[in-house]
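**Student:** What follows is the file start38.txt, containing compact mmCIF, C-alpha atoms:
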```txt
# COMPACT_ATOMS: atom_id res chain seq x y z
CA MET A 1 -14.96 2.96 -12.46
CA THR A 2 -15.52 2.61 -8.75
CA ILE A 3 -13.17 5.09 -7.16
CA GLN A 4 -13.29 5.16 -3.37
CA PRO A 5 -12.12 7.78 -0.86
CA VAL A 6 -8.68 7.12 0.64
CA ARG A 7 -8.24 6.74 4.41
CA LEU A 8 -5.46 8.87 5.86
CA PHE A 9 -2.99 8.61 8.73
CA GLY A 10 -5.01 8.80 11.93
CA ASP A 11 -7.83 6.55 10.73
CA PRO A 12 -7.81 3.49 13.07
CA ILE A 13 -8.35 0.99 10.23
CA LEU A 14 -4.81 1.70 9.03
CA ARG A 15 -3.37 0.41 12.30
CA ALA A 16 -5.49 -2.76 12.57
CA ARG A 17 -4.60 -6.20 11.21
CA ALA A 18 -6.88 -7.02 8.28
CA ALA A 19 -8.88 -10.27 8.27
CA GLU A 20 -8.23 -13.18 5.93
CA VAL A 21 -10.53 -13.45 2.92
CA GLU A 22 -12.51 -16.67 3.26
CA THR A 23 -15.22 -16.23 0.61
CA PHE A 24 -14.30 -15.61 -3.01
CA ASP A 25 -17.35 -13.99 -4.52
CA ARG A 26 -18.61 -10.97 -6.43
CA GLU A 27 -17.82 -8.70 -3.48
CA VAL A 28 -14.13 -9.70 -3.51
CA ARG A 29 -13.98 -9.10 -7.27
CA GLN A 30 -15.56 -5.68 -6.73
CA LEU A 31 -13.05 -4.89 -3.98
CA VAL A 32 -10.16 -5.64 -6.37
CA THR A 33 -11.79 -3.40 -9.00
CA ASP A 34 -12.35 -0.61 -6.47
CA LEU A 35 -8.77 -0.84 -5.23
CA THR A 36 -7.37 -0.82 -8.76
CA ASP A 37 -9.46 2.14 -9.91
CA THR A 38 -8.69 4.08 -6.73
CA MET A 39 -4.96 3.31 -6.98
CA TYR A 40 -4.83 4.68 -10.53
CA GLU A 41 -6.90 7.75 -9.65
CA SER A 42 -4.62 8.43 -6.65
CA GLY A 43 -1.48 8.02 -8.72
CA GLY A 44 -0.08 5.12 -6.72
CA VAL A 45 1.77 1.92 -7.57
CA GLY A 46 0.00 -0.14 -4.91
CA MET A 47 -3.00 -0.01 -2.61
CA ALA A 48 -4.26 -2.18 0.23
CA ALA A 49 -7.91 -2.70 1.20
CA PRO A 50 -7.64 -0.87 4.57
CA GLN A 51 -6.69 2.27 2.63
CA ILE A 52 -10.26 2.38 1.32
CA GLY A 53 -11.77 1.35 4.64
CA VAL A 54 -12.05 -2.40 4.08
CA GLY A 55 -10.40 -4.62 6.69
CA LEU A 56 -9.58 -7.55 4.41
CA ARG A 57 -6.18 -8.94 3.33
CA VAL A 58 -6.21 -7.75 -0.29
CA PHE A 59 -3.86 -5.50 -2.23
CA VAL A 60 -3.35 -4.42 -5.83
CA TYR A 61 -0.22 -3.20 -7.59
CA ASP A 62 1.07 -1.79 -10.86
CA THR A 63 4.76 -0.98 -10.85
CA GLY A 64 4.93 -0.45 -14.59
CA ASP A 65 6.68 -3.80 -15.07
CA ALA A 66 4.11 -5.92 -13.22
CA LYS A 67 0.50 -5.50 -12.22
CA GLY A 68 -2.11 -7.55 -10.47
CA HIS A 69 -3.59 -8.32 -7.08
CA LEU A 70 -2.87 -10.62 -4.18
CA ILE A 71 -5.31 -11.92 -1.59
CA ASN A 72 -4.18 -13.28 1.80
CA PRO A 73 -0.55 -12.48 0.92
CA VAL A 74 2.56 -13.69 2.64
CA PHE A 75 6.15 -13.31 1.53
CA GLU A 76 9.54 -14.77 2.27
CA VAL A 77 12.75 -12.80 1.96
CA GLU A 78 15.16 -14.31 -0.55
CA GLY A 79 18.83 -13.57 0.01
CA ALA A 80 20.47 -10.96 2.21
CA GLU A 81 20.67 -8.07 -0.26
CA THR A 82 18.76 -4.93 0.70
CA GLN A 83 17.61 -1.83 -1.13
CA THR A 84 17.25 1.68 0.22
CA GLY A 85 15.06 4.12 -1.64
CA PRO A 86 12.25 6.64 -1.45
CA GLU A 87 8.93 5.38 -0.24
CA GLY A 88 5.65 7.16 0.25
CA CYS A 89 2.09 6.20 1.01
CA LEU A 90 -1.22 7.31 -0.45
CA SER A 91 -2.57 7.38 3.11
CA ILE A 92 0.16 9.82 4.18
CA PRO A 93 0.15 12.43 1.40
CA GLY A 94 3.19 14.64 1.01
CA VAL A 95 5.56 12.40 2.97
CA ARG A 96 8.41 10.51 1.29
CA HIS A 97 11.52 9.10 2.95
CA ASP A 98 14.14 6.47 2.23
CA VAL A 99 13.30 3.05 3.61
CA THR A 100 15.57 0.00 3.63
CA ARG A 101 13.88 -3.26 2.72
CA PRO A 102 14.95 -6.65 1.36
CA MET A 103 15.76 -6.54 -2.37
CA THR A 104 14.01 -9.81 -3.26
CA VAL A 105 10.97 -11.62 -1.89
CA VAL A 106 8.83 -14.55 -2.94
CA ALA A 107 5.17 -13.56 -2.64
CA ARG A 108 2.37 -16.07 -2.19
CA GLY A 109 -1.38 -15.75 -1.89
CA VAL A 110 -4.45 -16.36 -3.99
CA ASP A 111 -6.36 -14.57 -6.75
CA VAL A 112 -10.04 -13.53 -6.84
CA ASP A 113 -11.02 -17.13 -7.62
CA GLY A 114 -9.08 -18.50 -4.66
CA LYS A 115 -6.42 -20.02 -6.95
CA PRO A 116 -2.83 -20.02 -5.67
CA VAL A 117 -0.49 -17.27 -6.88
CA GLU A 118 3.27 -17.22 -6.37
CA PHE A 119 5.89 -14.91 -7.84
CA ARG A 120 9.42 -13.73 -7.21
CA ALA A 121 9.68 -9.97 -6.81
CA GLU A 122 12.76 -7.75 -7.00
CA GLY A 123 13.35 -4.03 -6.67
CA LEU A 124 10.23 -1.86 -6.82
CA LEU A 125 7.85 -4.83 -6.97
CA ALA A 126 9.49 -6.37 -3.87
CA ARG A 127 9.19 -2.99 -2.11
CA CYS A 128 5.52 -2.78 -3.11
CA VAL A 129 4.72 -6.31 -1.89
CA GLN A 130 6.35 -5.56 1.47
CA HIS A 131 4.73 -2.12 1.84
CA GLU A 132 1.23 -3.36 1.00
CA THR A 133 1.55 -6.47 3.18
CA ASP A 134 2.62 -4.17 6.01
CA HIS A 135 -0.64 -2.25 5.50
CA LEU A 136 -2.57 -5.49 5.95
CA ASP A 137 -0.74 -6.03 9.24
CA GLY A 138 -1.53 -2.49 10.46
CA VAL A 139 2.04 -1.28 9.90
CA LEU A 140 2.74 2.04 8.18
CA PHE A 141 6.01 2.76 6.40
CA LEU A 142 6.71 5.39 9.08
CA GLN A 143 7.47 2.50 11.42
CA ARG A 144 10.24 1.35 9.05
CA LEU A 145 12.07 4.71 9.16
CA ASP A 146 15.18 5.48 11.17
CA THR A 147 14.63 7.77 14.16
CA ASP A 148 15.61 11.05 12.47
CA SER A 149 13.57 10.34 9.33
CA ARG A 150 10.56 9.35 11.41
CA LYS A 151 10.76 12.59 13.40
CA ALA A 152 10.98 14.59 10.15
CA ALA A 153 8.04 12.66 8.67
CA MET A 154 5.92 13.24 11.76
CA ARG A 155 6.78 16.96 11.67
CA THR A 156 5.65 17.09 8.01
CA ILE A 157 2.41 15.27 8.91
CA ARG A 158 1.69 17.59 11.87
CA GLU A 159 2.19 20.62 9.61
CA SER A 160 0.07 19.30 6.74
CA GLY A 161 -3.30 20.89 6.07
CA TRP A 162 -5.18 17.59 6.06
CA PHE A 163 -3.78 16.61 9.46
CA THR A 164 -4.23 19.98 11.17
CA GLN A 165 -7.85 20.00 9.99
CA GLY A 166 -8.45 16.48 11.35
CA ILE A 167 -9.18 15.05 7.90
CA THR A 168 -8.89 11.25 7.80
CA VAL A 169 -10.48 10.65 4.37
CA LEU A 170 -9.69 12.34 1.04
CA ALA A 171 -11.02 11.87 -2.47
CA ALA A 172 -8.58 9.76 -4.49
CA SER A 173 -8.12 12.61 -6.97
CA GLU A 174 -6.78 14.83 -4.15
CA ILE A 175 -3.96 12.45 -3.17
CA GLY A 176 -1.41 12.79 -6.01
CA GLY A 177 0.85 9.74 -5.61
CA SER A 178 4.04 8.85 -7.47
CA ARG A 179 2.33 8.30 -10.83
CA SER A 180 0.89 11.82 -10.62
CA ARG A 181 4.37 13.22 -9.96
CA GLU A 182 5.78 11.24 -12.90
CA ARG A 183 3.10 12.66 -15.23
CA SER A 184 3.84 16.20 -14.11
CA ARG A 185 7.59 15.96 -14.86
```
Turn this file's structure into structure tokens for me.
**Tutor:**
Amino acid sequence: MTIQPVRLFGDPILRARAAEVETFDREVRQLVTDLTDTMYESGGVGMAAPQIGVGLRVFVYDTGDAKGHLINPVFEVEGAETQTGPEGCLSIPGVRHDVTRPMTVVARGVDVDGKPVEFRAEGLLARCVQHETDHLDGVLFLQRLDTDSRKAAMRTIRESGWFTQGITVLAASEIGGSRSRERSR
């Protein structure tokens, strides 16, 4: 396993657009492994490369029904139906709020070998694709919240121990994402 520390809200890499992957080599394979191991250790269902301090357009996911990775992802919204549900972020521990996103997207990108990947995603997988692609564009889910929810989220962040102490990196085992909460139920 190659578990990496997780970058937290306040770290500038989380607000920067990640660069396209142009070389598909051992380092890209290792990045996917690192992201996957760190995602599982953190208890998440998705993780983008900037969350471990790497400014490349790569994310991994495991929603329970689907798992994998996508490099240089893009997506297109399919249909007008939306979904509203709880969303959190491993880089913003302790904050969860309802976010409205499209219900269905078609995701496209490439795999670690540079081979094209395309899939239709609905529900949680669609939410994950959108959330992780946002990370690669320097957008945090906080920016998708309505005004009142965003104010509440920012209040929670300002009151959190990690934020008040100026911590911008935590060990993955200290995060406790949604999978961790599911195990503790």
**Student:** Residues at most 8 Å from Thr104 (chain A), counting all atoms listed in the file, excluding those fewer than 6 positions away in the same chain, as a PyMOL selection string?
**Tutor:** chain A and resi 77-79+81-82+120-123+126
**Student:** Which residues, written as a ChimeraX atom specification, have at least one atom at most 8 Å from Gln130 (chain A), with all atoms listed in the file counted and residues fewer than 4 positions away on the same chain left out?
**Tutor:** /A:75,101,126,134
**Student:** Using only C-alpha atoms, find each residue of region 85-151 of chain A with at least one atom at most 10 Å away from an atom of region 18-22 of chain A; report its shortest atom-to-atom pair and that distance in Å (one decimal), sort the rows by chain and rising residue number, and return the result as a tab-separated table.
**Tutor:**
```
residue	atom	partner	partner_atom	distance
A:Val110	CA	A:Val21	CA	9.7
A:Val112	CA	A:Val21	CA	9.8
A:Gly114	CA	A:Glu22	CA	8.8
A:Thr133	CA	A:Ala18	CA	9.9
A:His135	CA	A:Ala18	CA	8.3
A:Leu136	CA	A:Ala18	CA	5.1
A:Asp137	CA	A:Ala18	CA	6.3
A:Gly138	CA	A:Ala18	CA	7.3
```
**Student:** How many Å separate CA of Tyr61 (chain A) from CA of Thr2 (chain A)?
**Tutor:**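 About the pair CA of Tyr61 (chain A) and CA of Thr2 (chain A): they are 16.4 Å apart.
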**Student:** Identify which of the residues A:Gly55, A:Pro93, A:Pro102, A:Gly176 lies closest to Gly43 (chain A), counting only C-alpha atoms when measuring atom-to-atom distances.
**Tutor:**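 Ranked by minimum distance to Gly43 (chain A), first place goes to A:Gly176.
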**Student:** If we count all atoms listed in the file, what is near Thr100 (chain A) at a cut-off of 12 Å, once residues fewer than 4 positions away on the same chain are taken out, given as a ChimeraX atom specification?
**Tutor:** /A:81-87,123-124,126-127,130-131,141-146,149
**Student:** I'd like the contact shell of Lys67 (chain A) - 12 Å cut-off, only C-alpha atoms, skipping same-chain residues fewer than 5 positions apart - returned as a PyMOL selection string.
**Tutor:** chain A and resi 36+39-40+44-47+59-62+119+121+124-125+128-129
**Student:** Using all atoms listed in the file, can you tell me which of A:Val32, A:Ser42, A:Cys89, A:Gly10 comes closest to Glu132 (chain A)?
**Tutor:**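 The answer is A:Cys89, which sits nearest to Glu132 (chain A).
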**Student:** Hey, can you check how far CA of Val54 (chain A) sits from CA of Ala171 (chain A)?
**Tutor:** 15.7 Å
**Student:** Set the distance at 12 Å and use only C-alpha atoms: which residues neighbour Ile52 (chain A) once local chain neighbours fewer than 4 positions away are removed? I'd like the list as a PDB file with C-alpha atoms, keeping the file's coordinate frame.
**Tutor:**
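Dumped to around-v4.pdb:
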```pdb
ATOM      1  CA  THR A   2     -15.520   2.610  -8.750  1.00  0.00           C
ATOM      2  CA  ILE A   3     -13.170   5.090  -7.160  1.00  0.00           C
ATOM      3  CA  GLN A   4     -13.290   5.160  -3.370  1.00  0.00           C
ATOM      4  CA  PRO A   5     -12.120   7.780  -0.860  1.00  0.00           C
ATOM      5  CA  VAL A   6      -8.680   7.120   0.640  1.00  0.00           C
ATOM      6  CA  ARG A   7      -8.240   6.740   4.410  1.00  0.00           C
ATOM      7  CA  LEU A   8      -5.460   8.870   5.860  1.00  0.00           C
ATOM      8  CA  ASP A  11      -7.830   6.550  10.730  1.00  0.00           C
ATOM      9  CA  ILE A  13      -8.350   0.990  10.230  1.00  0.00           C
ATOM     10  CA  LEU A  14      -4.810   1.700   9.030  1.00  0.00           C
ATOM     11  CA  LEU A  31     -13.050  -4.890  -3.980  1.00  0.00           C
ATOM     12  CA  VAL A  32     -10.160  -5.640  -6.370  1.00  0.00           C
ATOM     13  CA  THR A  33     -11.790  -3.400  -9.000  1.00  0.00           C
ATOM     14  CA  ASP A  34     -12.350  -0.610  -6.470  1.00  0.00           C
ATOM     15  CA  LEU A  35      -8.770  -0.840  -5.230  1.00  0.00           C
ATOM     16  CA  THR A  36      -7.370  -0.820  -8.760  1.00  0.00           C
ATOM     17  CA  ASP A  37      -9.460   2.140  -9.910  1.00  0.00           C
ATOM     18  CA  THR A  38      -8.690   4.080  -6.730  1.00  0.00           C
ATOM     19  CA  MET A  39      -4.960   3.310  -6.980  1.00  0.00           C
ATOM     20  CA  SER A  42      -4.620   8.430  -6.650  1.00  0.00           C
ATOM     21  CA  MET A  47      -3.000  -0.010  -2.610  1.00  0.00           C
ATOM     22  CA  ALA A  48      -4.260  -2.180   0.230  1.00  0.00           C
ATOM     23  CA  LEU A  56      -9.580  -7.550   4.410  1.00  0.00           C
ATOM     24  CA  VAL A  58      -6.210  -7.750  -0.290  1.00  0.00           C
ATOM     25  CA  PHE A  59      -3.860  -5.500  -2.230  1.00  0.00           C
ATOM     26  CA  LEU A  90      -1.220   7.310  -0.450  1.00  0.00           C
ATOM     27  CA  SER A  91      -2.570   7.380   3.110  1.00  0.00           C
ATOM     28  CA  HIS A 135      -0.640  -2.250   5.500  1.00  0.00           C
ATOM     29  CA  LEU A 136      -2.570  -5.490   5.950  1.00  0.00           C
ATOM     30  CA  THR A 168      -8.890  11.250   7.800  1.00  0.00           C
ATOM     31  CA  VAL A 169     -10.480  10.650   4.370  1.00  0.00           C
ATOM     32  CA  LEU A 170      -9.690  12.340   1.040  1.00  0.00           C
ATOM     33  CA  ALA A 171     -11.020  11.870  -2.470  1.00  0.00           C
ATOM     34  CA  ALA A 172      -8.580   9.760  -4.490  1.00  0.00           C
TER      35      ALA A 172
END
```
**Student:** Using all atoms listed in the file, find the one residue out of A:Gly68, A:Glu174, A:Val139, A:Gly88 that sits nearest to Arg15 (chain A).
**Tutor:**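 Looking only at the distances to Arg15 (chain A), the closest residue turns out to be A:Val139.
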**Student:** Between CA of Ser173 (chain A) and CA of His97 (chain A), measure the distance and give it in Å to one decimal.
**Tutor:** 22.3 Å
